[in-house]
Amino acid sequence: FGVTCVPMAFVWGQPRELDDVQTQLLLGDCVWLLDETPDGSYLLVHGTDSYLGWVRSDAIQRLDASRFDEWLNAPAATFVREHEVRGVRFSPAVRLPLASPAAADAKVVRLRLPAPIPALGEKSTIEVPRDAVRLSSEIRVGQKAIEIAQTLLGRPYVFGGRSSLGTDCSGLVSDAYAALGHTLPRDARQQVLVGKLVATRWHRTALRPGDTLFFIDTTGRVIHTGLSLGGSRFIHQCPPEVQVSSFDPADPLYSKTWDRAFIFGRRPLD
């Protein structure tokens, strides 16, 4: 696991520069590390935007799993306009954790850096004007979506349904967010493109209530979706009705079928 520790880094299609640019990583972006070149100079990364490619290893601060999850889920602020601190430019969409739960006042916000930036000295935090950033919601939208979905436990499965008569899997997910004023695509194969990547088959501990979960068949096609309850349990619409299942083999609600079929978890809103 890792986090981008430079203001901007190119992601390449091959482990060399000036060859097939895929995207850019911004300061604070989390990545999954998949491979590295024999000399360690490039890392193959999977970003939260789902792009894969090669990035210079000195642009990534490596993290263990617990620090990665903490960085991914920490209360944060996202820049809404370009801001400069001692010659270092912070682009819109840069997202950095708050230095502490009380790190914001009416005029200033103090943010954590993933690693010291030479131009900023050895500082581990920066202070920016409050109007330069948007704070993540104190009341998570995902938790509210879960509360709505739980009121539908036991509702019958109806393919294509979105009413009191019944619903299907993607209808449950889209309706839970629609009730809060947020529109998600109707189909699971469209919903899988929305939000940032927060879980993979081999790392699910960062899942938070309301994260969307996706499942595939043996051909790799997305066939099912649900909503994480946080931890190993999730709510989903699966015949015959809306129900709760689990990824944990020790849980009485464990589903071996869905555990094996799970592929990605995404966070539609943050």
# chains A, B, ... in the order shown; residues from 1 in each chain; ligands from 1
call {"tool": "residues_around", "arguments": {"residues": "A:Leu25", "least_positions_apart": "3", "cutoff": "12 Å", "atoms": "only C-alpha atoms", "output": "JSON, numbers by chain"}}
result
{"A": [2, 3, 4, 5, 6, 7, 8, 9, 10, 11, 12, 21, 22, 28, 29, 30, 31, 45, 46, 47, 48, 49, 50, 51, 52, 53, 54, 55, 56, 59, 60, 91, 93, 94, 95]}
call {"tool": "residues_around", "arguments": {"residues": "A:Leu120", "least_positions_apart": "4", "cutoff": "8 Å", "atoms": "only C-alpha atoms", "output": "PyMOL selection string"}}
result
chain A and resi 85-86+88+116
call {"tool": "closest_residue", "arguments": {"among": "A:Lys144, A:Arg89, A:Arg208, A:Arg233", "to": "A:Ala119", "atoms": "only C-alpha atoms"}}
result
A:Arg89
call {"tool": "select_by_dssp", "arguments": {"residues": "stretch 16-258 of chain A", "states": "helix (DSSP H, G or I)", "output": "PyMOL selection string"}}
result
chain A and resi 57-59+65-73+118-120+130-132+141-150+169-178+188-191+256-258
call {"tool": "atom_distance", "arguments": {"atom1": "atom CA of A:Arg260", "atom2": "atom CA of A:Val222"}}
result
13.1 Å
call {"tool": "closest_residue", "arguments": {"among": "A:Ala106, A:Leu98, A:Ile216, A:Cys238", "to": "A:Ser124", "atoms": "only C-alpha atoms"}}
result
A:Leu98
call {"tool": "residues_around", "arguments": {"residues": "A:Tyr177", "least_positions_apart": "2", "cutoff": "10 Å", "atoms": "only C-alpha atoms", "output": "PDB file with C-alpha atoms, in the first residue's frame"}}
result
ATOM      1  CA  VAL A 141     -23.970  10.068   3.730  1.00  0.00           C
ATOM      2  CA  GLY A 142     -23.149   6.361   3.491  1.00  0.00           C
ATOM      3  CA  LYS A 144     -27.717   7.404   6.134  1.00  0.00           C
ATOM      4  CA  ALA A 145     -27.984   5.286   2.968  1.00  0.00           C
ATOM      5  CA  ILE A 146     -27.547   2.151   5.074  1.00  0.00           C
ATOM      6  CA  ILE A 148     -32.640   3.620   4.488  1.00  0.00           C
ATOM      7  CA  ALA A 149     -31.639   0.266   2.990  1.00  0.00           C
ATOM      8  CA  LEU A 172     -31.742  -1.184  -3.752  1.00  0.00           C
ATOM      9  CA  VAL A 173     -28.385   0.632  -3.968  1.00  0.00           C
ATOM     10  CA  SER A 174     -29.563   3.441  -6.216  1.00  0.00           C
ATOM     11  CA  ASP A 175     -32.771   3.998  -4.243  1.00  0.00           C
ATOM     12  CA  ALA A 179     -33.656   9.041  -1.018  1.00  0.00           C
ATOM     13  CA  LEU A 180     -30.834  11.339   0.144  1.00  0.00           C
ATOM     14  CA  GLY A 181     -30.863  13.365  -3.063  1.00  0.00           C
ATOM     15  CA  HIS A 182     -27.894  11.629  -4.730  1.00  0.00           C
ATOM     16  CA  THR A 183     -28.288   9.997  -8.137  1.00  0.00           C
ATOM     17  CA  LEU A 184     -26.351   6.820  -8.922  1.00  0.00           C
ATOM     18  CA  GLY A 210     -22.589   2.815   2.574  1.00  0.00           C
ATOM     19  CA  PRO A 268     -19.708   6.925  -4.147  1.00  0.00           C
ATOM     20  CA  LEU A 269     -19.532  10.051  -1.977  1.00  0.00           C
TER      21      LEU A 269
END
call {"tool": "select_by_dssp", "arguments": {"residues": "stretch 93-234 of chain A", "states": "strand (DSSP E or B)", "output": "PyMOL selection string"}}
result
chain A and resi 95-98+104+108-112+125-129+133-135+156-157+162-163+166-167+196-200+203+212-216+222-228+233-234
call {"tool": "closest_residue", "arguments": {"among": "A:Leu153, A:Val242, A:Leu111, A:Ala261", "to": "A:Thr219", "atoms": "only C-alpha atoms"}}
result
A:Ala261
call {"tool": "residues_around", "arguments": {"residues": "stretch 245-252 of chain A", "least_positions_apart": "6", "cutoff": "6 Å", "atoms": "only C-alpha atoms", "output": "list in words"}}
result
Ser232, Arg233, Phe234 and Asp259 of chain A
call {"tool": "closest_residue", "arguments": {"among": "A:Arg267, A:His83, A:Lys196, A:Lys256", "to": "A:Arg130", "atoms": "only C-alpha atoms"}}
result
A:His83
call {"tool": "closest_residue", "arguments": {"among": "A:Gln143, A:Val80, A:Arg112, A:Phe159", "to": "A:Pro129", "atoms": "only C-alpha atoms"}}
result
A:Val80
call {"tool": "closest_residue", "arguments": {"among": "A:Cys169, A:Phe264, A:Tyr254, A:Thr212", "to": "A:Pro240", "atoms": "only C-alpha atoms"}}
result
A:Cys169
call {"tool": "atom_distance", "arguments": {"atom1": "atom CA of A:Arg140", "atom2": "atom CA of A:Ile126"}}
result
25.1 Å
call {"tool": "residues_around", "arguments": {"residues": "A:Ser164", "least_positions_apart": "3", "cutoff": "12 Å", "atoms": "only C-alpha atoms", "output": "PyMOL selection string"}}
result
chain A and resi 151-158+161+167-168+171-172+175
call {"tool": "atom_distance", "arguments": {"atom1": "atom CA of A:His236", "atom2": "atom CA of A:Ala176"}}
result
11.2 Å
call {"tool": "residues_around", "arguments": {"residues": "stretch 68-70 of chain A", "least_positions_apart": "5", "cutoff": "7 Å", "atoms": "only C-alpha atoms", "output": "list of chain:residue names"}}
result
A:Phe1, A:Gly2, A:Leu63, A:Ala206
